[in-house]
$ cat target_11.pdb   # PDB, C-alpha atoms
ATOM      1  CA  MET P   1      17.593  84.716  84.307
ATOM      2  CA  GLY P   2      15.373  82.634  82.069
ATOM      3  CA  ASP P   3      12.103  83.608  80.405
ATOM      4  CA  SER P   4      11.233  86.293  82.952
ATOM      5  CA  VAL P   5      13.765  88.808  81.581
ATOM      6  CA  VAL P   6      12.127  92.221  80.999
ATOM      7  CA  ALA P   7      15.247  94.195  79.987
ATOM      8  CA  ASP P   8      18.504  93.183  78.315
ATOM      9  CA  PHE P   9      20.818  95.726  76.670
ATOM     10  CA  VAL P  10      24.425  96.917  76.419
ATOM     11  CA  THR P  11      25.587 100.377  77.464
ATOM     12  CA  ASP P  12      28.237 102.171  79.570
ATOM     13  CA  VAL P  13      27.890 101.340  83.263
ATOM     14  CA  VAL P  14      29.473 101.852  86.652
ATOM     15  CA  PRO P  15      28.295  98.713  88.484
ATOM     16  CA  ASP P  16      29.443  99.955  91.899
ATOM     17  CA  THR P  17      30.656 103.526  92.499
ATOM     18  CA  GLY P  18      32.687 102.265  95.445
ATOM     19  CA  ARG P  19      34.811 100.030  93.210
ATOM     20  CA  TYR P  20      34.850 101.759  89.804
ATOM     21  CA  ASP P  21      36.482 105.114  89.033
ATOM     22  CA  GLU P  22      35.073 105.339  85.508
ATOM     23  CA  PRO P  23      32.467 103.591  83.352
ATOM     24  CA  VAL P  24      33.011 100.385  81.418
ATOM     25  CA  ARG P  25      31.010  98.709  78.673
ATOM     26  CA  GLY P  26      28.551  96.326  80.215
ATOM     27  CA  ARG P  27      25.362  94.356  79.796
ATOM     28  CA  VAL P  28      22.295  95.186  81.855
ATOM     29  CA  VAL P  29      19.833  92.348  82.461
ATOM     30  CA  MET P  30      16.721  92.629  84.585
ATOM     31  CA  ASN P  31      13.798  90.458  85.579
ATOM     32  CA  ARG P  32      11.027  91.254  88.038
ATOM     33  CA  GLU P  33      13.165  90.370  91.043
ATOM     34  CA  GLU P  34      16.789  91.153  90.181
ATOM     35  CA  VAL P  35      19.139  93.422  88.208
ATOM     36  CA  VAL P  36      22.451  92.053  86.936
ATOM     37  CA  LEU P  37      25.292  94.206  85.553
ATOM     38  CA  VAL P  38      27.848  92.165  83.613
ATOM     39  CA  THR P  39      31.220  93.569  82.501
ATOM     40  CA  PRO P  40      34.153  91.713  80.901
ATOM     41  CA  GLU P  41      35.723  91.245  84.329
ATOM     42  CA  ASP P  42      32.865  91.472  86.817
ATOM     43  CA  ARG P  43      29.267  90.600  87.615
ATOM     44  CA  VAL P  44      27.216  92.669  90.059
ATOM     45  CA  ASN P  45      23.676  91.768  90.993
ATOM     46  CA  PHE P  46      21.129  93.201  93.413
ATOM     47  CA  GLY P  47      17.498  92.516  94.171
ATOM     48  CA  VAL P  48      14.734  94.846  93.074
ATOM     49  CA  GLY P  49      13.635  94.749  96.706
ATOM     50  CA  ASP P  50      17.014  96.203  97.745
ATOM     51  CA  VAL P  51      16.639  99.372  95.629
ATOM     52  CA  PHE P  52      16.054 102.490  97.741
ATOM     53  CA  ASP P  53      16.564 105.273  95.188
ATOM     54  CA  ILE P  54      16.304 105.774  91.411
ATOM     55  CA  ALA P  55      17.544 109.093  90.025
ATOM     56  CA  TYR P  56      17.273 109.817  86.303
ATOM     57  CA  GLY P  57      19.337 112.744  85.076
ATOM     58  CA  SER P  58      22.898 113.980  85.304
ATOM     59  CA  ALA P  59      25.681 111.881  86.820
ATOM     60  CA  PRO P  60      27.431 112.704  90.114
ATOM     61  CA  SER P  61      30.003 115.494  89.700
ATOM     62  CA  GLU P  62      33.012 113.178  89.873
ATOM     63  CA  LEU P  63      31.671 111.113  86.948
ATOM     64  CA  ARG P  64      30.035 113.867  84.890
ATOM     65  CA  ALA P  65      32.932 113.939  82.437
ATOM     66  CA  PHE P  66      32.037 110.383  81.370
ATOM     67  CA  PHE P  67      28.236 110.606  81.158
ATOM     68  CA  GLU P  68      25.731 113.003  79.621
ATOM     69  CA  ASP P  69      22.593 111.476  81.105
ATOM     70  CA  THR P  70      22.327 108.556  83.480
ATOM     71  CA  VAL P  71      20.051 106.624  85.739
ATOM     72  CA  THR P  72      21.591 106.158  89.172
ATOM     73  CA  VAL P  73      20.284 103.159  91.102
ATOM     74  CA  ALA P  74      21.044 103.097  94.823
ATOM     75  CA  TYR P  75      20.785  99.671  96.439
ATOM     76  CA  GLU P  76      21.775  97.698  99.524
ATOM     77  CA  ARG P  77      24.150  94.762  99.135
ATOM     78  CA  ALA P  78      25.966  92.760 101.780
ATOM     79  CA  GLY P  79      24.752  95.172 104.453
ATOM     80  CA  SER P  80      26.115  98.321 102.816
ATOM     81  CA  LYS P  81      24.670 101.022 100.573
ATOM     82  CA  ARG P  82      25.919 100.955  96.964
ATOM     83  CA  ALA P  83      25.128 102.822  93.757
ATOM     84  CA  ALA P  84      25.253 101.843  90.089
ATOM     85  CA  LEU P  85      25.224 104.253  87.133
ATOM     86  CA  ILE P  86      23.795 103.317  83.759
ATOM     87  CA  GLU P  87      24.157 105.491  80.648
ATOM     88  CA  GLY P  88      20.783 107.045  79.957
ATOM     89  CA  ALA P  89      21.038 108.918  76.666
ATOM     90  CA  ASP P  90      18.577 106.759  74.708
ATOM     91  CA  GLU P  91      15.031 105.393  74.891
ATOM     92  CA  THR P  92      16.233 101.934  75.955
ATOM     93  CA  VAL P  93      17.513 103.182  79.297
ATOM     94  CA  GLU P  94      14.427 105.346  79.771
ATOM     95  CA  ARG P  95      12.300 102.220  79.330
ATOM     96  CA  PHE P  96      14.561 100.365  81.774
ATOM     97  CA  THR P  97      14.046 103.139  84.330
ATOM     98  CA  ASN P  98      10.263 102.909  83.963
ATOM     99  CA  LEU P  99      10.403  99.117  84.323
ATOM    100  CA  LEU P 100      12.515  99.448  87.465
ATOM    101  CA  PHE P 101      10.052 101.909  89.003
ATOM    102  CA  LYS P 102       7.239  99.447  88.270
ATOM    103  CA  ALA P 103       9.183  96.505  89.691
ATOM    104  CA  VAL P 104       9.889  98.365  92.943
ATOM    105  CA  LEU P 105       6.480  99.983  93.433
ATOM    106  CA  ASN P 106       3.757  97.971  91.726
ATOM    107  CA  ASP P 107       1.341  96.062  93.967
ATOM    108  CA  THR P 108       2.667  97.775  97.099
ATOM    109  CA  VAL P 109       0.033  97.834  99.855
ATOM    110  CA  VAL P 110      -0.503 101.384 101.099
ATOM    111  CA  ALA P 111      -2.802 103.373 103.351
ATOM    112  CA  VAL P 112      -4.238 106.269 101.389
ATOM    113  CA  LYS P 113      -6.447 109.202 102.285
ATOM    114  CA  HIS P 114      -8.142 110.697  99.231
ATOM    115  CA  PRO P 115      -8.967 113.451  99.246
ATOM    116  CA  ALA P 116      -7.339 114.618 102.453
ATOM    117  CA  LYS P 117      -8.057 118.178 101.317
ATOM    118  CA  VAL P 118     -10.142 119.796  98.605
ATOM    119  CA  GLY P 119      -8.673 123.206  97.991
ATOM    120  CA  GLY P 120      -7.879 124.432 101.492
ATOM    121  CA  ARG P 121     -10.689 122.459 103.160
ATOM    122  CA  ILE P 122      -9.700 119.443 105.260
ATOM    123  CA  THR P 123     -12.043 116.494 104.701
ATOM    124  CA  ASP P 124     -13.184 113.814 107.131
ATOM    125  CA  VAL P 125     -12.156 110.975 104.776
ATOM    126  CA  ALA P 126     -10.411 108.113 106.567
ATOM    127  CA  TYR P 127      -7.320 106.243 105.451
ATOM    128  CA  GLU P 128      -8.125 103.089 103.478
ATOM    129  CA  ARG P 129      -6.089 100.138 102.322
ATOM    130  CA  ALA P 130      -5.113 100.134  98.637
ATOM    131  CA  SER P 131      -2.665  98.588  96.187
ATOM    132  CA  LEU P 132      -0.403 101.058  94.395
ATOM    133  CA  PHE P 133       0.617 100.820  90.733
ATOM    134  CA  VAL P 134       2.645 103.165  88.535
ATOM    135  CA  ASP P 135       2.253 103.227  84.781
ATOM    136  CA  SER P 136       4.075 105.726  82.593
ATOM    137  CA  ALA P 137       3.209 109.059  84.248
ATOM    138  CA  THR P 138       0.311 107.910  86.443
ATOM    139  CA  VAL P 139       0.022 106.607  89.997
ATOM    140  CA  ARG P 140      -3.034 104.359  90.408
ATOM    141  CA  PHE P 141      -4.670 103.100  93.596
ATOM    142  CA  ARG P 142      -6.813  99.964  93.554
ATOM    143  CA  ALA P 143      -9.138 100.218  96.508
ATOM    144  CA  GLU P 144     -12.805 100.208  97.437
ATOM    145  CA  SER P 145     -12.818 103.755  96.074
ATOM    146  CA  PRO P 146     -10.171 103.569  93.312
ATOM    147  CA  PHE P 147      -8.540 106.710  91.974
ATOM    148  CA  GLU P 148      -5.413 107.853  90.177
ATOM    149  CA  ILE P 149      -2.988 110.765  90.192
ATOM    150  CA  GLU P 150      -1.646 112.017  86.893
ATOM    151  CA  VAL P 151       1.894 113.207  87.567
ATOM    152  CA  SER P 152       1.411 116.056  85.103
ATOM    153  CA  THR P 153      -1.280 117.535  87.393
ATOM    154  CA  VAL P 154       0.886 117.460  90.543
ATOM    155  CA  SER P 155       1.735 120.954  91.785
ATOM    156  CA  HIS P 156       3.422 120.069  95.112
ATOM    157  CA  PHE P 157       4.412 117.103  97.235
ATOM    158  CA  GLU P 158       6.181 116.708 100.563
ATOM    159  CA  ARG P 159       6.857 114.225 103.345
ATOM    160  CA  ILE P 160       4.867 114.871 106.519
ATOM    161  CA  GLU P 161       3.918 113.018 109.728
ATOM    162  CA  ARG P 162       0.385 111.700 110.253
ATOM    163  CA  GLU P 163      -1.361 109.308 112.616
ATOM    164  CA  VAL P 164      -2.249 106.206 110.602
ATOM    165  CA  ALA P 165      -3.817 103.114 112.202
ATOM    166  CA  GLY P 166      -3.084 104.399 115.693
ATOM    167  CA  ARG P 167       0.560 105.419 115.276
ATOM    168  CA  THR P 168       2.540 108.288 113.802
ATOM    169  CA  ARG P 169       4.009 107.452 110.418
ATOM    170  CA  PRO P 170       5.719 109.297 107.554
ATOM    171  CA  VAL P 171       3.259 110.110 104.784
ATOM    172  CA  LEU P 172       3.698 111.488 101.274
ATOM    173  CA  SER P 173       1.323 114.422 100.786
ATOM    174  CA  VAL P 174       0.583 115.112  97.098
ATOM    175  CA  ARG P 175      -1.347 118.151  95.837
ATOM    176  CA  HIS P 176      -2.800 117.665  92.353
ATOM    177  CA  ALA P 177      -5.665 118.570  90.050
ATOM    178  CA  ASP P 178      -8.611 116.197  90.326
ATOM    179  CA  GLY P 179     -11.819 116.579  88.366
ATOM    180  CA  GLY P 180     -11.674 120.352  88.073
ATOM    181  CA  GLU P 181     -10.538 120.918  91.664
ATOM    182  CA  ILE P 182      -7.240 120.948  93.549
ATOM    183  CA  ALA P 183      -7.058 117.946  95.854
ATOM    184  CA  THR P 184      -4.448 116.707  98.312
ATOM    185  CA  SER P 185      -3.919 112.969  98.733
ATOM    186  CA  GLU P 186      -1.890 111.382 101.542
ATOM    187  CA  ILE P 187      -0.072 108.101 100.992
ATOM    188  CA  ALA P 188       1.557 105.984 103.700
ATOM    189  CA  LEU P 189       3.708 103.109 102.492
ATOM    190  CA  GLN P 190       6.392 100.875 103.915
ATOM    191  CA  PRO P 191       9.222 100.158 103.941
ATOM    192  CA  GLU P 192      10.332 103.788 103.888
ATOM    193  CA  ARG P 193      12.653 103.176 100.923
ATOM    194  CA  LYS P 194       9.532 102.722  98.780
ATOM    195  CA  MET P 195       8.286 106.149  99.789
ATOM    196  CA  ASN P 196      11.609 107.559  98.634
ATOM    197  CA  VAL P 197      11.281 105.770  95.280
ATOM    198  CA  LEU P 198       7.680 106.983  94.841
ATOM    199  CA  GLY P 199       8.860 110.539  95.512
ATOM    200  CA  ARG P 200      11.528 110.079  92.838
ATOM    201  CA  PHE P 201       8.920 108.796  90.377
ATOM    202  CA  LEU P 202       6.858 111.944  90.917
ATOM    203  CA  ARG P 203       9.906 114.201  90.823
ATOM    204  CA  ILE P 204      11.404 112.939  87.542
ATOM    205  CA  GLU P 205       8.342 113.637  85.428
ATOM    206  CA  TYR P 206       7.347 116.734  87.389
ATOM    207  CA  THR P 207      10.806 118.329  87.117
ATOM    208  CA  GLN P 208      10.936 117.936  83.327
ATOM    209  CA  LEU P 209       7.383 119.194  82.840
ATOM    210  CA  LYS P 210       8.085 122.133  85.158
ATOM    211  CA  LYS P 211      11.118 123.021  83.059
ATOM    212  CA  ASP P 212       9.081 122.824  79.843
ATOM    213  CA  LEU P 213       6.294 124.965  81.325
ATOM    214  CA  ALA P 214       8.737 127.623  82.565
ATOM    215  CA  GLU P 215       9.769 128.267  78.966
ATOM    216  CA  ILE P 216       6.179 128.979  77.857
ATOM    217  CA  ASP P 217       4.590 132.420  78.116
ATOM    218  CA  LEU P 218       0.939 131.987  79.088
ATOM    219  CA  ARG P 219      -1.730 134.683  79.014
ATOM    220  CA  ASP P 220      -4.634 134.719  81.460
ATOM    221  CA  GLU P 221      -7.134 133.883  78.689
ATOM    222  CA  GLU P 222      -5.053 130.885  77.645
ATOM    223  CA  ILE P 223      -4.942 129.586  81.218
ATOM    224  CA  GLU P 224      -8.722 129.939  81.418
ATOM    225  CA  ILE P 225      -9.097 127.868  78.239
ATOM    226  CA  LEU P 226      -6.839 125.117  79.589
ATOM    227  CA  VAL P 227      -8.739 125.007  82.878
ATOM    228  CA  GLY P 228     -12.062 125.034  81.039
ATOM    229  CA  LEU P 229     -11.091 122.098  78.828
ATOM    230  CA  TYR P 230      -9.710 120.187  81.818
ATOM    231  CA  SER P 231     -12.985 120.775  83.673
ATOM    232  CA  GLY P 232     -15.020 119.288  80.832
ATOM    233  CA  ALA P 233     -15.885 122.262  78.623
ATOM    234  CA  SER P 234     -16.053 121.747  74.865
ATOM    235  CA  GLU P 235     -14.733 124.096  72.207
ATOM    236  CA  GLY P 236     -18.316 125.058  71.455
ATOM    237  CA  ASN P 237     -19.098 126.528  74.888
ATOM    238  CA  LEU P 238     -15.701 128.082  75.665
ATOM    239  CA  ALA P 239     -16.678 131.329  73.927
ATOM    240  CA  GLY P 240     -19.648 131.865  76.233
ATOM    241  CA  MET P 241     -17.640 130.933  79.314
ATOM    242  CA  LEU P 242     -14.896 133.417  78.454
ATOM    243  CA  GLY P 243     -17.081 136.151  76.960
ATOM    244  CA  VAL P 244     -15.302 136.193  73.580
ATOM    245  CA  ASP P 245     -16.353 135.218  70.056
ATOM    246  CA  ALA P 246     -15.810 131.757  68.585
ATOM    247  CA  SER P 247     -13.118 132.869  66.145
ATOM    248  CA  ARG P 248     -11.069 134.216  69.050
ATOM    249  CA  VAL P 249     -11.348 130.868  70.834
ATOM    250  CA  SER P 250     -10.235 128.988  67.700
ATOM    251  CA  THR P 251      -7.179 131.232  67.398
ATOM    252  CA  MET P 252      -6.224 130.683  71.037
ATOM    253  CA  LEU P 253      -6.678 126.920  70.748
ATOM    254  CA  ARG P 254      -4.321 126.792  67.781
ATOM    255  CA  ARG P 255      -1.833 128.947  69.685
ATOM    256  CA  LEU P 256      -1.963 126.601  72.679
ATOM    257  CA  ALA P 257      -1.334 123.651  70.354
ATOM    258  CA  GLU P 258       1.717 125.455  68.938
ATOM    259  CA  LYS P 259       2.958 125.823  72.521
ATOM    260  CA  SER P 260       2.562 122.018  73.003
ATOM    261  CA  LEU P 261      -0.112 122.490  75.650
ATOM    262  CA  LEU P 262      -2.964 121.027  73.567
ATOM    263  CA  GLU P 263      -3.260 118.371  70.918
ATOM    264  CA  GLU P 264      -6.157 117.593  68.620
ATOM    265  CA  SER P 265      -7.746 114.135  68.677
ATOM    266  CA  ASP P 266     -10.801 112.511  67.096
ATOM    267  CA  SER P 267     -12.849 113.565  70.124
ATOM    268  CA  GLY P 268     -11.620 117.169  70.191
ATOM    269  CA  TRP P 269      -8.888 119.096  71.962
ATOM    270  CA  GLU P 270      -6.945 117.312  74.707
ATOM    271  CA  LEU P 271      -4.402 118.647  77.165
ATOM    272  CA  THR P 272      -0.824 117.441  76.871
ATOM    273  CA  PRO P 273       1.086 116.562  80.070
ATOM    274  CA  THR P 274       2.571 120.069  80.077
ATOM    275  CA  GLY P 275      -0.918 121.516  79.625
ATOM    276  CA  LYS P 276      -2.181 119.503  82.596
ATOM    277  CA  LEU P 277       0.662 120.825  84.731
ATOM    278  CA  ALA P 278      -0.322 124.372  83.729
ATOM    279  CA  VAL P 279      -3.841 123.574  84.973
ATOM    280  CA  GLY P 280      -2.539 122.103  88.228
ATOM    281  CA  GLU P 281      -0.516 125.218  88.942
ATOM    282  CA  ASN P 282      -3.279 127.698  88.073
ATOM    283  CA  LEU P 283      -6.573 125.969  88.879
ATOM    284  CA  GLU P 284      -7.033 127.666  92.254
ATOM    285  CA  GLN P 285      -6.639 131.107  90.675
ATOM    286  CA  VAL P 286      -9.239 130.600  87.935
ATOM    287  CA  ASN P 287     -12.991 130.912  88.424
ATOM    288  CA  LEU P 288     -14.975 129.958  85.335
TER     289      LEU P 288
END

$ encode --input "target_11.pdb" --output "structure tokens"
Amino acid sequence: MGDSVVADFVTDVVPDTGRYDEPVRGRVVMNREEVVLVTPEDRVNFGVGDVFDIAYGSAPSELRAFFEDTVTVAYERAGSKRAALIEGADETVERFTNLLFKAVLNDTVVAVKHPAKVGGRITDVAYERASLFVDSATVRFRAESPFEIEVSTVSHFERIEREVAGRTRPVLSVRHADGGEIATSEIALQPERKMNVLGRFLRIEYTQLKKDLAEIDLRDEEIEILVGLYSGASEGNLAGMLGVDASRVSTMLRRLAEKSLLEESDSGWELTPTGKLAVGENLEQVNL
């Protein structure tokens, strides 16, 4: 693959679920255009452009006895749909998964409407052309009016039908927190397999954060603090906003940090990804 290799590691793999009944030790090599799975007796390769699904998590039921965590890559090869499984129980495979998402999605030309809604109000914003990029847990849009969606602020997304450029097309509708408000953005991208992969990118991070948040007991005052900080309030004016004394605010901030919803930086308190999800899910119910 030459100098353009971005991933090269050894792990347990199932290069093709149609041909392998159990995993074998193999080498995974990837550049920006192709993934190659090499085993002692086989070599399977597929183009990044042929990937139509990336699922990070548990293996299919028939292979669960062999894997704890995996990334499943569904791809087209020789006119048929195939799937490869790659052992995912370490940071190397997590980085590979992120690189594969980037390879499939980055620099995709999309039509985006942002915001399509603010709260429950439908806007008159038109669809505009943009280039899509994913980076860690963020979806960015380079356009005349650039913007980004932090996955940790997404509270809902679904596939809907919209008229775009004079014809009805499938669109990914994403509801998320945006500058102290709940906004809905609509994204139309082709081919449709890329929409599926973008949905997976949102779902992987969102599902884990949702699970983390479900295990945290949040009081109304704590939610108000998170929303206040997200909306630009400082520690100094939170007391007045909430009608409590400063010592009470300090106690609640420390408690939120213990719950992994806040972290302290040189510039003050910042929301963690889980804290941002808490804001996204509660912003409409809080009036500061």

$ closest_residue --input "target_11.pdb" --among "P:Arg162, P:Lys259, P:Arg95, P:Arg200" --to "Thr274 in chain P" --atoms "all atoms listed in the file"
P:Lys259

$ closest_residue --input "target_11.pdb" --among "P:Val109, P:Ala233, P:Leu189, P:Val93" --to "Thr72 in chain P" --atoms "all atoms listed in the file"
P:Val93

$ atom_distance --input "target_11.pdb" --atom1 "CA of Glu87 in chain P" --atom2 "CA of Asp12 in chain P"
5.4 Å

$ resolve_selection --input "target_11.pdb" --expression "the PyMOL selection byres ((chain P and resi 144) around 9)" --output "ChimeraX atom specification"
/P:128-130,142-143,145-146

$ axis_aligned_box --input "target_11.pdb" --around "range 129-148 of chain P" --padding-each-side "4 Å" --output "lines of an AutoDock Vina configuration file"
center_x = -4.4
center_y = 103.8
center_z = 92.5
size_x = 24.9
size_y = 18.5
size_z = 27.7
